[in-house]
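These notes concern the structure reproduced below.
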Number of protein chains: 2
Amino acid sequence: MVDGVSRRQSTLDEVAEHAGVSRSVASRVLNNAPHVSRAKREAVERAVRQLGYVRNPTARALATRQTGAAALVVAGEDPSIFADPFFAQVIVGASAALEEADLHLMLCLAASERGRKRVEDLFRSQGVDGVMLMALREDDPLVRTAEEARMPVVFGGRPVGPAPRWYVDVDNVGGAREVTEYLISRGRTHVATICGRLDTEAGRARYRGYRDAVLAAGLAPYPPWEADFTEPGGAAAMTGLLANYPEVDGVFAANDNMGAGAVRALREAGRTVPADVAVVGFDDLAVAGVTDPPLTTVHQPIAALGREMARMLVAIVDGQDPTPLILPTRLVTRSSA
Amino acid sequence: MVDGVSRRQSTLDEVAEHAGVSRSVASRVLNNAPHVSRAKREAVERAVRQLGYVRNPTARALATRQTGAAALVVAGEDPSIFADPFFAQVIVGASAALEEADLHLMLCLAASERGRKRVEDLFRSQGVDGVMLMALREDDPLVRTAEEARMPVVFGGRPVGPAPRWYVDVDNVGGAREVTEYLISRGRTHVATICGRLDTEAGRARYRGYRDAVLAAGLAPYPPWEADFTEPGGAAAMTGLLANYPEVDGVFAANDNMGAGAVRALREAGRTVPADVAVVGFDDLAVAGVTDPPLTTVHQPIAALGREMARMLVAIVDGQDPTPLILPTRLVTRSSA
DNA sequence: ATACGGATTGGGAGCGCTCCCACCGGAAGC
DNA sequence: GCTTCCGGTGGGAGCGCTCCCAATCCGTAT
């Protein structure tokens, strides 16, 4: 009976029987393995079509000890960190690369207590073939978990501390230096920074880049004024900066969200951008284009970051040992500085 | 030997042996099933701890025919649709609800040809326990695939055409009507709309809401000026609208991205917002807060949408038959209108 | 003809877990 | 005192697939 939509899912045994071959042969055909005669191969393919057979990935996973899935773990402190459009772009890139290797993407938001627990179990139960790990804070217990894991782990952005074996990062120091130099080249002499969380490596690296540039120009760096990478956080920081250092005429915000917040706070304080205070950001997310004035910022290849993480992971799963990767950034000038 | 980090993953049999019980008893303990004496239960728990045992989810899945995972499928035409921060918020909500049910989240971007194919296989191979399906366009083949699937499917937003059995949507018509009425109440008499893609139900519904409000006020609705829900698309549409209907003094953009684009296009055309042209959006995403002026818009509970989809799915997997849900929207007034 | 090497083939033993079921002993019911 | 019942227990048969290995087949070299 030809019935592509039979009630029950057909099994490999049924396909084999239908094709008049053994299970082994049918399996070889499905896996494109050699040692199958042309005639039997075609018979199996016909049976597969007629039965509407689809291989059961779970059974395959059990037998091969490979799940066919990779996890993207987003750590952080609060699940809402994931609302940052940054991650969406990472996912677009990672998803495309995983698709090429025919791996599925499992997404884990590990910010809650329970979420973290589940990720730990995932690591230990071999529930995926490998993981991509992002948004780690200093002393995040997941770093330890990852080290002990018996599976490949690729870091997206380095964690604070010793660099892991496999990671993909962007050149945070270089990007921050370049955009700060740009600010200075536009005649700004009192350049402060709204830095990101300093318990993240990205926050620290961008502050270092800022500091390098200011010192190299013979100016005095301001102490790090920390915010949480969000728009309201950036606005609040800008207000604080204004109150404490009214002479400031240039601000490097360590990401675009905070840059947008700074622009808003400045406008609300009656200062014009860039005439009174020039503002630059980092990331080149969509928000940088809609502020008024639009933000000069540092473009980082976010989708590429995701793509390269996934490719690196696939390479490791395939038994290779790729070298870490640092992606370049690029200055994007708009009118906020 | 106490060794929580033994080379090989320990199995349930080993736990059972270590605890001096049978595999069955050990299994019952792990599943919190009855018919286990207090003494043996504790022995097993001790063995689990000493061996650092973690249950193999793949084997469990094979035996129970339940994978412990749910998929979120984002259709659309182009994978970059996922870059819209809208989805990130859905995921935050869905992830939290799935976490409560101890299900993992599999994310599938089904915009590419290959991606769609993989989703179809996922449906047919029972690779997940259920799926949440979003961003369907008219005549999307995935609708058919979903109907034929032998697993629960919850739609996020209704597809064009007959309503599916299970879905969660927001009140697009009501929200669009309300914000358009607001525009009119502010004295606007030439109110146009930059509508979203009309091959999506959300695009159509929002246009209907706009049209209802305009007609109810005794004004003449403008024909739908279609754009693709993106910022540049909105800007281009605004420019076109301005060229064709210079008398327009109010615009309902069917989402905030397009609203932000409209505001930018208006500024670049030398018109002031809201004095010359008032603009309102839909979604209440972060972008609505950073445009200048910030956008009056329709708040929709996006994380709740994700959460309710996930809860509905869990309910179905548990054998229930929940009723579809339509979430309310809320007008958020800022200064763009 | 006869033997030999390689390509094919099918049987069977898992992968690690769940769950049905038969079995045990003691408390309750008669 | 003897059934009846039930909590507790362990054995065993799968779940659907992969993969090792022994068996078979063929063409060809001897």
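By order in the structure tokens, chains are A, B, ...; within a chain, residues start at 1; ligands start at 1, following the order shown.
Using only C-alpha atoms (C1' of nucleotides), the part of chain B that sits within 12 Å of chain C is made up of Gln9, Ser10, Thr11, Leu12, Asp13, Glu14, Arg23, Ser24, Val25, Ala26, Ser27, Arg28, Leu30, Asn31, Ala33, Val54, Arg55, Asn56, Pro57, Thr58, Ala59, Arg60, Ala61, Leu62, Ala63, Thr64, Arg65 and Gln66 of chain B.
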- [ ] Write down, as a PyMOL selection string, each residue of chain D that has any atom within 12 Å of an atom of chain A, counting only C-alpha atoms (C1' of nucleotides).
- [x] chain D and resi 15-20
Task: Interatomic distance, CA of Ser336 (chain A) to CA of Val277 (chain A) (Å, one decimal) - done: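 Answer for the CA of Ser336 (chain A) to CA of Val277 (chain A) separation: 8.7 Å.
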- [ ] Kindly determine which residues of chain B lie within 8 Å of chain A, considering only C-alpha atoms, and give the answer as number ranges by chain.
- [x] B: 9, 54-59, 61-62, 67, 79-80, 82-85, 88-89, 92, 95, 99, 104-109, 114-115, 121, 124-127, 260-261, 264, 287, 290-292
Go ahead and write the selection's residues with C-alpha atoms as an mmCIF file, in the first residue's frame.
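Full text of part24.cif as output:
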data_model
loop_
_atom_site.group_PDB
_atom_site.id
_atom_site.type_symbol
_atom_site.label_atom_id
_atom_site.label_comp_id
_atom_site.auth_asym_id
_atom_site.auth_seq_id
_atom_site.Cartn_x
_atom_site.Cartn_y
_atom_site.Cartn_z
ATOM 1 C CA GLN B 9 29.435 9.004 31.777
ATOM 2 C CA VAL B 54 23.154 12.531 34.939
ATOM 3 C CA ARG B 55 20.420 10.832 33.015
ATOM 4 C CA ASN B 56 20.964 10.456 29.311
ATOM 5 C CA PRO B 57 18.161 12.444 27.711
ATOM 6 C CA THR B 58 18.531 10.738 24.361
ATOM 7 C CA ALA B 59 17.954 7.282 25.735
ATOM 8 C CA ALA B 61 13.609 10.188 24.669
ATOM 9 C CA LEU B 62 13.853 6.992 22.700
ATOM 10 C CA THR B 67 12.067 14.477 23.215
ATOM 11 C CA PRO B 79 16.518 34.868 7.493
ATOM 12 C CA SER B 80 17.268 38.457 8.458
ATOM 13 C CA PHE B 82 14.825 37.373 12.752
ATOM 14 C CA ALA B 83 16.996 40.412 13.388
ATOM 15 C CA ASP B 84 13.801 42.216 14.357
ATOM 16 C CA PRO B 85 13.983 42.620 18.144
ATOM 17 C CA ALA B 88 14.004 38.230 20.877
ATOM 18 C CA GLN B 89 11.255 39.268 23.227
ATOM 19 C CA VAL B 92 12.442 35.583 26.418
ATOM 20 C CA SER B 95 11.978 30.343 27.149
ATOM 21 C CA GLU B 99 11.790 26.254 31.484
ATOM 22 C CA HIS B 104 14.361 22.767 25.853
ATOM 23 C CA LEU B 105 13.981 25.385 23.162
ATOM 24 C CA MET B 106 14.997 24.560 19.646
ATOM 25 C CA LEU B 107 15.148 27.565 17.366
ATOM 26 C CA CYS B 108 14.544 27.153 13.653
ATOM 27 C CA LEU B 109 14.879 29.955 11.162
ATOM 28 C CA ARG B 114 17.129 24.453 3.240
ATOM 29 C CA GLY B 115 15.848 25.750 6.532
ATOM 30 C CA ASP B 121 11.844 16.861 8.544
ATOM 31 C CA ARG B 124 7.828 14.424 10.381
ATOM 32 C CA SER B 125 10.587 12.784 12.348
ATOM 33 C CA GLN B 126 9.119 13.699 15.708
ATOM 34 C CA GLY B 127 12.340 15.458 16.575
ATOM 35 C CA ALA B 260 11.181 55.405 12.981
ATOM 36 C CA GLY B 261 11.952 55.405 9.280
ATOM 37 C CA ARG B 264 13.684 60.166 9.768
ATOM 38 C CA VAL B 287 13.299 52.013 19.006
ATOM 39 C CA VAL B 290 14.906 56.776 20.964
ATOM 40 C CA THR B 291 13.531 58.484 17.908
ATOM 41 C CA ASP B 292 13.247 62.252 18.072
#
Task: In region 44-268 of chain B, DSSP alpha helix (DSSP H) residues written as a ChimeraX atom specification - done: /B:44-51,57-64,85-100,113-125,141-148,172-185,201-216,231-244,256-268
Task: Pick from B:Thr333, B:Thr323, B:Thr297, B:Ser37, whichever lies nearest to Phe252 (chain B) using only C-alpha atoms - done: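 Nearest candidate to Phe252 (chain B) out of B:Thr333, B:Thr323, B:Thr297, B:Ser37: B:Thr297.
Going from CA of Met151 (chain A) over to CA of Ala304 (chain A), you cover 23.1 Å.
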Open item on the list: At a cut-off of 12 Å, using only C-alpha atoms (C1' of nucleotides), what residues contact Gly203 (chain B)? Leave out same-chain residues fewer than 2 positions from it and give the result as a count of residues only.
Closed with: 36
Task: Coordinates-based distance that separates CA of Pro162 (chain A) from CA of Ala315 (chain A) (Å, one decimal) - done: 22.6 Å
